[in-house]
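> model.txt is the file, holding compact mmCIF, C-alpha atoms:
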# COMPACT_ATOMS: atom_id res chain seq x y z
CA MET A 1 25.95 121.41 101.01
CA LEU A 2 23.02 123.11 99.28
CA ALA A 3 25.35 125.63 97.64
CA PHE A 4 26.81 122.75 95.62
CA GLY A 5 23.39 121.40 94.65
CA PRO A 6 23.02 123.03 91.20
CA GLY A 7 26.55 122.09 90.12
CA LEU A 8 26.06 118.52 91.31
CA ALA A 9 22.69 118.29 89.57
CA ALA A 10 24.08 119.53 86.26
CA TRP A 11 26.97 117.13 86.52
CA GLY A 12 24.64 114.19 87.24
CA LEU A 13 22.46 115.14 84.28
CA VAL A 14 25.44 115.31 81.91
CA THR A 15 26.75 111.94 83.11
CA GLY A 16 23.32 110.41 82.53
CA VAL A 17 23.24 111.82 79.00
CA ALA A 18 26.79 110.66 78.27
CA MET A 19 26.00 107.09 79.37
CA THR A 20 22.97 106.53 77.12
CA GLN A 21 24.54 108.44 74.24
CA SER A 22 27.67 106.30 74.33
CA GLY A 23 25.38 103.47 73.28
CA LEU A 24 24.80 101.79 76.64
CA GLY A 25 21.03 102.04 76.46
CA VAL A 26 18.67 102.83 79.31
CA GLY A 27 18.97 99.56 81.26
CA LEU A 28 22.76 99.41 81.42
CA SER A 29 22.99 103.15 82.10
CA LEU A 30 20.70 102.74 85.11
CA LEU A 31 22.77 99.77 86.28
CA MET A 32 25.91 101.89 85.96
CA THR A 33 24.62 104.88 87.87
CA PHE A 34 23.36 102.73 90.74
CA THR A 35 26.46 100.53 91.04
CA ALA A 36 29.54 102.42 89.77
CA TYR A 37 28.41 105.70 91.38
CA ALA A 38 31.59 107.61 90.50
CA GLY A 39 31.09 110.25 87.79
CA SER A 40 34.63 110.55 86.45
CA ALA A 41 35.23 106.79 86.39
CA GLN A 42 31.89 106.28 84.64
CA LEU A 43 32.72 108.86 81.96
CA ALA A 44 36.20 107.43 81.53
CA SER A 45 34.96 103.88 81.06
CA LEU A 46 32.35 104.81 78.42
CA PRO A 47 34.68 105.14 75.40
CA LEU A 48 36.52 102.01 76.51
CA ILE A 49 33.31 99.98 76.74
CA ALA A 50 32.11 101.34 73.37
CA SER A 51 35.35 100.32 71.66
CA GLY A 52 35.28 96.80 73.08
CA ALA A 53 38.34 97.12 75.34
CA PRO A 54 39.17 94.08 77.53
CA ILE A 55 37.32 94.04 80.81
CA TRP A 56 40.50 94.24 82.92
CA VAL A 57 41.74 97.31 81.03
CA ILE A 58 38.42 99.02 81.75
CA TRP A 59 38.60 98.11 85.44
CA ALA A 60 42.27 99.12 85.73
CA SER A 61 41.62 102.48 84.06
CA ALA A 62 38.62 103.15 86.29
CA PHE A 63 40.70 102.24 89.30
CA CYS A 64 43.37 104.74 88.24
CA VAL A 65 40.73 107.45 87.89
CA ASN A 66 39.51 106.46 91.36
CA LEU A 67 42.95 106.50 92.98
CA ARG A 68 42.16 109.90 94.47
CA PHE A 69 39.58 108.11 96.61
CA VAL A 70 42.39 106.04 98.10
CA ILE A 71 43.94 109.25 99.44
CA PHE A 72 40.52 110.50 100.54
CA SER A 73 39.85 107.22 102.38
CA SER A 74 42.96 107.76 104.50
CA GLN A 75 41.57 111.20 105.40
CA TRP A 76 38.11 109.82 106.19
CA ARG A 77 39.74 107.14 108.36
CA VAL A 78 40.73 109.78 110.93
CA HIS A 79 37.12 110.86 111.41
CA LEU A 80 35.24 107.61 110.85
CA GLY A 81 37.62 105.06 112.37
CA HIS A 82 35.36 104.49 115.38
CA VAL A 83 32.31 103.52 113.29
CA PRO A 84 31.75 99.72 113.20
CA ARG A 85 33.40 98.23 110.13
CA GLY A 86 30.27 97.15 108.28
CA ARG A 87 28.70 100.59 108.46
CA ARG A 88 32.06 102.26 107.87
CA VAL A 89 32.56 100.41 104.60
CA LEU A 90 29.02 101.12 103.39
CA LEU A 91 29.50 104.78 104.23
CA GLY A 92 32.92 104.73 102.56
CA TYR A 93 31.38 103.43 99.33
CA LEU A 94 28.93 106.35 99.31
CA LEU A 95 31.40 109.17 100.09
CA ALA A 96 32.26 111.09 96.93
CA ASP A 97 34.66 114.00 96.22
CA LEU A 98 32.10 116.63 97.12
CA ASN A 99 31.44 115.04 100.51
CA LEU A 100 35.04 115.43 101.61
CA LEU A 101 35.14 119.04 100.39
CA VAL A 102 32.03 119.98 102.37
CA PHE A 103 33.06 117.93 105.39
CA LYS A 104 36.43 119.65 105.62
CA LYS A 105 34.83 123.07 105.45
CA GLN A 106 32.49 122.17 108.30
CA TRP A 107 34.94 120.34 110.59
CA GLN A 108 38.22 122.13 110.81
CA GLY A 109 41.00 120.83 113.01
CA GLU A 110 42.61 117.44 113.50
CA GLY A 111 41.18 114.28 114.86
CA HIS A 112 37.79 112.86 115.58
CA GLN A 113 34.95 114.93 117.01
CA VAL A 114 31.47 113.92 118.14
CA GLY A 115 28.83 114.06 115.40
CA GLN A 116 31.21 113.66 112.48
CA ALA A 117 29.97 110.25 111.39
CA ARG A 118 26.37 111.44 111.38
CA TYR A 119 27.37 114.56 109.42
CA ALA A 120 29.22 112.44 106.85
CA ALA A 121 26.25 110.08 106.50
CA GLY A 122 23.85 112.97 105.98
CA GLY A 123 26.12 114.45 103.33
CA ALA A 124 26.44 111.09 101.61
CA ALA A 125 22.65 110.72 101.49
CA ALA A 126 22.14 114.25 100.12
CA VAL A 127 24.72 113.81 97.36
CA TRP A 128 23.38 110.35 96.49
CA ILE A 129 19.79 111.57 96.12
CA ILE A 130 20.67 114.63 94.00
CA TRP A 131 23.11 112.68 91.84
CA GLN A 132 20.85 109.69 91.17
CA ALA A 133 17.74 111.79 90.54
CA THR A 134 19.49 113.98 87.97
CA SER A 135 21.45 111.13 86.46
CA VAL A 136 18.26 109.09 85.93
CA ALA A 137 16.63 112.17 84.43
CA GLY A 138 19.58 112.53 82.04
CA ILE A 139 19.35 108.86 81.08
CA LEU A 140 15.63 108.96 80.36
CA LEU A 141 15.61 112.33 78.57
CA SER A 142 18.59 111.59 76.35
CA SER A 143 17.24 108.16 75.39
CA LEU A 144 14.87 110.15 73.16
CA VAL A 145 17.81 111.69 71.25
CA PRO A 146 19.11 109.61 68.33
CA LEU A 147 22.71 108.36 68.72
CA GLU A 148 23.56 109.83 65.28
CA TRP A 149 23.65 113.29 66.85
CA GLY A 150 26.89 112.31 68.53
CA LEU A 151 25.82 113.78 71.85
CA GLY A 152 28.11 111.25 73.52
CA PHE A 153 30.84 113.81 72.86
CA ALA A 154 29.44 115.61 75.91
CA GLY A 155 31.24 112.96 77.98
CA THR A 156 34.56 113.77 76.30
CA LEU A 157 34.05 117.51 76.83
CA SER A 158 33.25 116.93 80.51
CA MET A 159 36.42 114.92 80.93
CA LEU A 160 38.34 117.75 79.27
CA GLY A 161 36.94 120.13 81.90
CA ILE A 162 37.81 117.74 84.73
CA ALA A 163 41.35 117.38 83.38
CA TYR A 164 41.80 121.16 83.24
CA SER A 165 40.53 121.51 86.81
CA LEU A 166 43.21 119.02 87.96
CA LEU A 167 46.06 121.02 86.38
CA ASN A 168 47.00 122.72 89.62
CA GLU A 169 50.80 122.51 89.62
CA ARG A 170 53.77 121.93 87.35
CA THR A 171 53.96 118.17 87.93
CA ALA A 172 50.30 117.88 86.93
CA TRP A 173 51.01 119.66 83.63
CA VAL A 174 53.92 117.32 82.93
CA ALA A 175 51.77 114.29 83.72
CA ALA A 176 48.98 115.50 81.43
CA ILE A 177 51.27 116.28 78.49
CA VAL A 178 53.16 112.98 78.81
CA SER A 179 49.92 111.04 79.14
CA ALA A 180 48.24 112.70 76.17
CA ALA A 181 51.28 112.23 73.93
CA ALA A 182 51.77 108.61 74.98
CA ALA A 183 48.08 107.71 74.61
CA VAL A 184 47.97 109.13 71.08
CA ALA A 185 51.39 107.76 70.03
CA ALA A 186 50.68 104.27 71.38
CA PHE A 187 47.12 104.18 70.07
CA SER A 188 47.84 101.30 67.70
CA LEU A 189 48.68 98.99 70.60
CA PRO A 190 46.14 96.18 70.88
CA LEU A 191 43.59 95.85 73.67
CA LYS A 192 43.52 99.60 74.41
CA LEU A 193 46.82 99.14 76.21
CA ASN A 194 47.78 102.67 75.14
CA ILE A 195 45.71 103.91 78.11
CA LEU A 196 47.69 101.94 80.68
CA VAL A 197 51.01 102.71 78.96
CA ALA A 198 50.18 106.43 79.05
CA ILE A 199 49.23 106.35 82.75
CA ALA A 200 52.43 104.48 83.65
CA ALA A 201 54.56 106.90 81.60
CA ALA A 202 52.92 109.94 83.20
CA VAL A 203 53.28 108.64 86.75
CA ALA A 204 56.91 107.67 86.10
CA ALA A 205 57.67 111.10 84.63
CA THR A 206 56.14 112.79 87.67
CA LEU A 207 58.11 110.69 90.12
CA VAL A 208 61.37 111.28 88.23
CA MET A 209 60.67 114.98 88.08
CA THR A 210 59.91 115.23 91.80
CA GLN A 211 63.05 113.27 92.65
CA ALA A 212 65.18 115.40 90.32
CA GLY A 213 63.75 118.51 91.91
CA LYS A 214 64.71 117.28 95.36
CA THR A 215 68.23 116.37 94.26
CA LEU A 216 68.70 119.74 92.63
CA GLN A 217 67.55 121.48 95.76
CA ALA A 218 70.00 119.46 97.87
CA VAL A 219 72.90 120.38 95.58
CA ARG A 220 71.97 124.03 95.13
CA PRO A 221 70.07 125.35 98.11
CA GLY A 222 67.84 128.25 97.15
CA PRO A 223 67.69 131.61 98.92
CA PRO A 224 66.82 131.34 102.61
CA ARG A 225 63.09 131.43 103.26
CA MET B 226 25.11 99.70 70.30
CA SER B 227 28.16 100.02 68.03
CA GLU B 228 29.64 96.97 66.32
CA ALA B 229 32.67 96.74 68.56
CA MET B 230 30.49 96.87 71.63
CA PRO B 231 30.35 93.58 73.52
CA GLY B 232 27.09 91.85 74.42
CA TRP B 233 24.62 92.93 77.06
CA ALA B 234 25.62 90.40 79.72
CA TRP B 235 29.33 91.10 79.31
CA THR B 236 28.77 94.85 79.57
CA ALA B 237 26.60 94.32 82.65
CA LEU B 238 29.43 92.32 84.23
CA THR B 239 31.89 95.11 83.31
CA ILE B 240 29.61 97.63 85.01
CA LEU B 241 29.17 95.53 88.15
CA GLY B 242 32.95 95.33 88.31
CA LEU B 243 33.09 99.13 88.12
CA GLY B 244 30.86 99.18 91.20
CA ALA B 245 33.36 96.95 92.97
CA VAL B 246 36.18 99.25 91.84
CA THR B 247 34.38 102.20 93.44
CA ALA B 248 33.67 100.30 96.67
CA ILE B 249 37.28 99.11 96.94
CA SER B 250 39.01 102.40 96.07
CA ARG B 251 36.88 104.37 98.52
CA ASN B 252 37.58 101.89 101.31
CA VAL B 253 41.29 101.14 100.98
CA PHE B 254 42.13 102.93 104.24
CA LEU B 255 38.70 102.64 105.84
CA TRP B 256 38.74 98.84 105.74
CA SER B 257 41.68 98.24 108.05
CA ARG B 258 41.17 98.29 111.82
CA ARG B 259 44.44 100.17 112.31
CA GLU B 260 45.28 103.61 110.94
CA LEU B 261 47.84 103.43 108.14
CA ARG B 262 49.86 106.20 106.57
CA ILE B 263 50.64 106.61 102.88
CA PRO B 264 54.37 106.95 102.06
CA GLU B 265 55.20 110.22 100.27
CA PRO B 266 56.23 108.93 96.79
CA LEU B 267 53.12 106.72 96.72
CA GLN B 268 51.00 109.70 97.63
CA ARG B 269 52.45 111.61 94.64
CA ALA B 270 51.69 108.72 92.31
CA LEU B 271 48.15 108.42 93.66
CA GLN B 272 47.62 112.16 93.19
CA VAL B 273 48.70 112.30 89.58
CA ALA B 274 47.31 108.97 88.30
CA PRO B 275 43.65 110.09 88.01
CA LEU B 276 44.61 113.08 85.84
CA ALA B 277 46.87 110.85 83.73
CA ALA B 278 44.06 108.33 83.24
CA ILE B 279 41.48 110.93 82.29
CA VAL B 280 43.85 112.59 79.81
CA ALA B 281 44.90 109.23 78.35
CA ILE B 282 41.29 108.41 77.53
CA THR B 283 40.28 111.92 76.43
CA ALA B 284 43.20 112.85 74.16
CA PRO B 285 42.63 110.12 71.53
CA GLU B 286 38.90 110.90 71.57
CA ILE B 287 39.71 114.45 70.49
CA PHE B 288 42.78 114.11 68.28
CA LEU B 289 42.25 110.77 66.54
CA SER B 290 39.73 109.68 63.97
CA HIS B 291 39.62 105.95 63.13
CA GLY B 292 43.06 105.51 64.68
CA HIS B 293 44.75 108.33 62.75
CA LEU B 294 45.58 111.89 63.72
CA ILE B 295 42.93 114.26 62.43
CA ALA B 296 44.53 115.89 59.38
CA THR B 297 42.04 118.71 58.88
CA TRP B 298 40.98 121.58 61.08
CA ARG B 299 37.46 121.16 59.72
CA ASP B 300 36.60 118.72 62.45
CA ALA B 301 33.68 119.25 64.81
CA ARG B 302 35.41 117.59 67.77
CA LEU B 303 38.66 119.52 67.40
CA LEU B 304 36.98 122.91 67.09
CA SER B 305 34.57 122.13 69.91
CA ALA B 306 37.45 121.13 72.20
CA LEU B 307 39.27 124.35 71.26
CA VAL B 308 36.23 126.45 72.15
CA ALA B 309 35.77 124.54 75.42
CA THR B 310 39.43 125.20 76.24
CA ALA B 311 39.09 128.92 75.54
CA VAL B 312 35.97 129.13 77.69
CA TYR B 313 37.73 127.25 80.49
CA ALA B 314 40.62 129.72 80.33
CA TRP B 315 38.14 132.58 80.58
CA ARG B 316 35.94 131.08 83.29
CA PRO B 317 37.09 127.79 84.87
CA GLY B 318 34.44 125.15 85.52
CA VAL B 319 33.03 122.02 83.94
CA LEU B 320 29.58 123.09 82.81
CA GLY B 321 30.43 126.34 80.99
CA PRO B 322 33.09 124.85 78.69
CA LEU B 323 30.86 121.81 78.14
CA LEU B 324 27.89 123.86 76.96
CA ALA B 325 30.10 126.11 74.82
CA GLY B 326 31.77 123.07 73.28
CA LEU B 327 28.43 121.43 72.51
CA SER B 328 27.03 124.61 71.00
CA VAL B 329 29.86 124.43 68.46
CA TYR B 330 29.86 120.67 68.03
CA LEU B 331 26.18 119.97 67.41
CA PRO B 332 25.56 122.57 64.64
CA LEU B 333 28.83 121.68 62.87
CA ARG B 334 27.93 118.00 62.97
CA LEU B 335 24.22 118.18 62.31
CA ALA B 336 24.05 121.09 59.87
CA TRP B 337 27.42 120.87 58.09
CA GLY B 338 28.05 117.18 58.57
CA TRP B 339 31.67 117.62 59.78
Translate this structure into structure tokens?


Amino acid sequence: MLAFGPGLAAWGLVTGVAMTQSGLGVGLSLLMTFTAYAGSAQLASLPLIASGAPIWVIWASAFCVNLRFVIFSSQWRVHLGHVPRGRRVLLGYLLADLNLLVFKKQWQGEGHQVGQARYAAGGAAAVWIIWQATSVAGILLSSLVPLEWGLGFAGTLSMLGIAYSLLNERTAWVAAIVSAAAAVAAFSLPLKLNILVAIAAAVAATLVMTQAGKTLQAVRPGPPR
Amino acid sequence: MSEAMPGWAWTALTILGLGAVTAISRNVFLWSRRELRIPEPLQRALQVAPLAAIVAITAPEIFLSHGHLIATWRDARLLSALVATAVYAWRPGVLGPLLAGLSVYLPLRLAWGW
């Protein structure tokens, strides 16, 4: 866990800076870090909030960014299913991307083992403390920088880096290109609907492409593996 | 706060809702008492949607200015994103490209007023 500390700290700091510099101010930035507690979704919602997008578009977009957690939650379920529901849900809320990564390195193999819930809770606490401390530091430090500097662009650059790190296979590239093109082309739609249109187009393109790939493979079987 | 930005209370409500979004998305499969499996096509959609959402929000922030495509290369955001991309290609990560991008963006904006 400690090996990830510096990266996590830097990331928390940048998110803190991006929040205040998007125009949220110190109070709302603090509220955001202590409630939303999801770096990518926070960064993604900042330009939408600043441009006055409808509340449901902001929530829907954040939910799409968070959809990876839905997959993660099905993986956590295997290891934490025995924990009483109240505590399980609280723990679930606190478990971020990094927690699953570290957890999987530590506990290899299928199924539940003794001590896993305690390990997950410890990891959640460690990540929470590092993240909130650095995020608050970023909020307070950057509140001294005038908004005219345009430092809020740090949030956009971070999202660019996140996007690149998610480009791991061909379908991801297709999704990214379709989404970028659709979001720019449909920008004049009211209510920031271009975001939701772009997500829908990208997901549809990916599903079509996967299905087409399967069909092609069924028609023309490749060399034996 | 910018002009388009809604009032304090409304933004606070938006943010509280984001907290609920986090709590819900992280608990979809932890909430139920039974173990559920995700069907394969749904899994694909869930995998690709976060990337699509991040790109959908980021691309206009880089390529558009006041709702129009940036027509000049003399743009601090465009050049900064290019540099960040090059640095990412050289050494993948979030922090390196970010710092490189900012080190291009801030001087261009503050000193040259791009």

> Distance limit 7 Å, atoms considered: only C-alpha atoms. Which chain B residues sit that close to chain A? Return them as a PyMOL selection string.

chain B and resi 226-227+229-231+237+239-244+246-248+250-256+270-285+292+306+318-319+322-323+326-327+335

> Between atom CA of Ala9 of chain A and atom CA of Thr134 of chain A, what is the spacing in Å?

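A separation of 5.6 Å between them.
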
> Would you work out the distance separating atom CA of Pro332 of chain B from atom CA of Val145 of chain A, expressed in Å to one decimal?

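A separation of 14.9 Å between them.
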
> Report, in Å with one decimal, the straight-line distance from atom CA of Ser142 of chain A to atom CA of Arg316 of chain B.

27.0 Å

> I'd like the contact shell of Val136 of chain A - 9 Å cut-off, only C-alpha atoms, skipping same-chain residues fewer than 2 positions apart - returned as an mmCIF file with C-alpha atoms, in the coordinates of the input.


data_model
loop_
_atom_site.group_PDB
_atom_site.id
_atom_site.type_symbol
_atom_site.label_atom_id
_atom_site.label_comp_id
_atom_site.auth_asym_id
_atom_site.auth_seq_id
_atom_site.Cartn_x
_atom_site.Cartn_y
_atom_site.Cartn_z
ATOM 1 C CA GLY A 12 24.640 114.190 87.240
ATOM 2 C CA LEU A 13 22.460 115.140 84.280
ATOM 3 C CA GLY A 16 23.320 110.410 82.530
ATOM 4 C CA VAL A 17 23.240 111.820 79.000
ATOM 5 C CA SER A 29 22.990 103.150 82.100
ATOM 6 C CA LEU A 30 20.700 102.740 85.110
ATOM 7 C CA THR A 33 24.620 104.880 87.870
ATOM 8 C CA TRP A 131 23.110 112.680 91.840
ATOM 9 C CA GLN A 132 20.850 109.690 91.170
ATOM 10 C CA ALA A 133 17.740 111.790 90.540
ATOM 11 C CA THR A 134 19.490 113.980 87.970
ATOM 12 C CA GLY A 138 19.580 112.530 82.040
ATOM 13 C CA ILE A 139 19.350 108.860 81.080
ATOM 14 C CA LEU A 140 15.630 108.960 80.360
ATOM 15 C CA LEU A 141 15.610 112.330 78.570
#

> Could you tell me which of B:Leu294, B:Arg262, B:Tyr330, B:Trp339 comes closest to Ala309 of chain B if we count only C-alpha atoms?

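Of all the options, B:Tyr330 lies closest to Ala309 of chain B.
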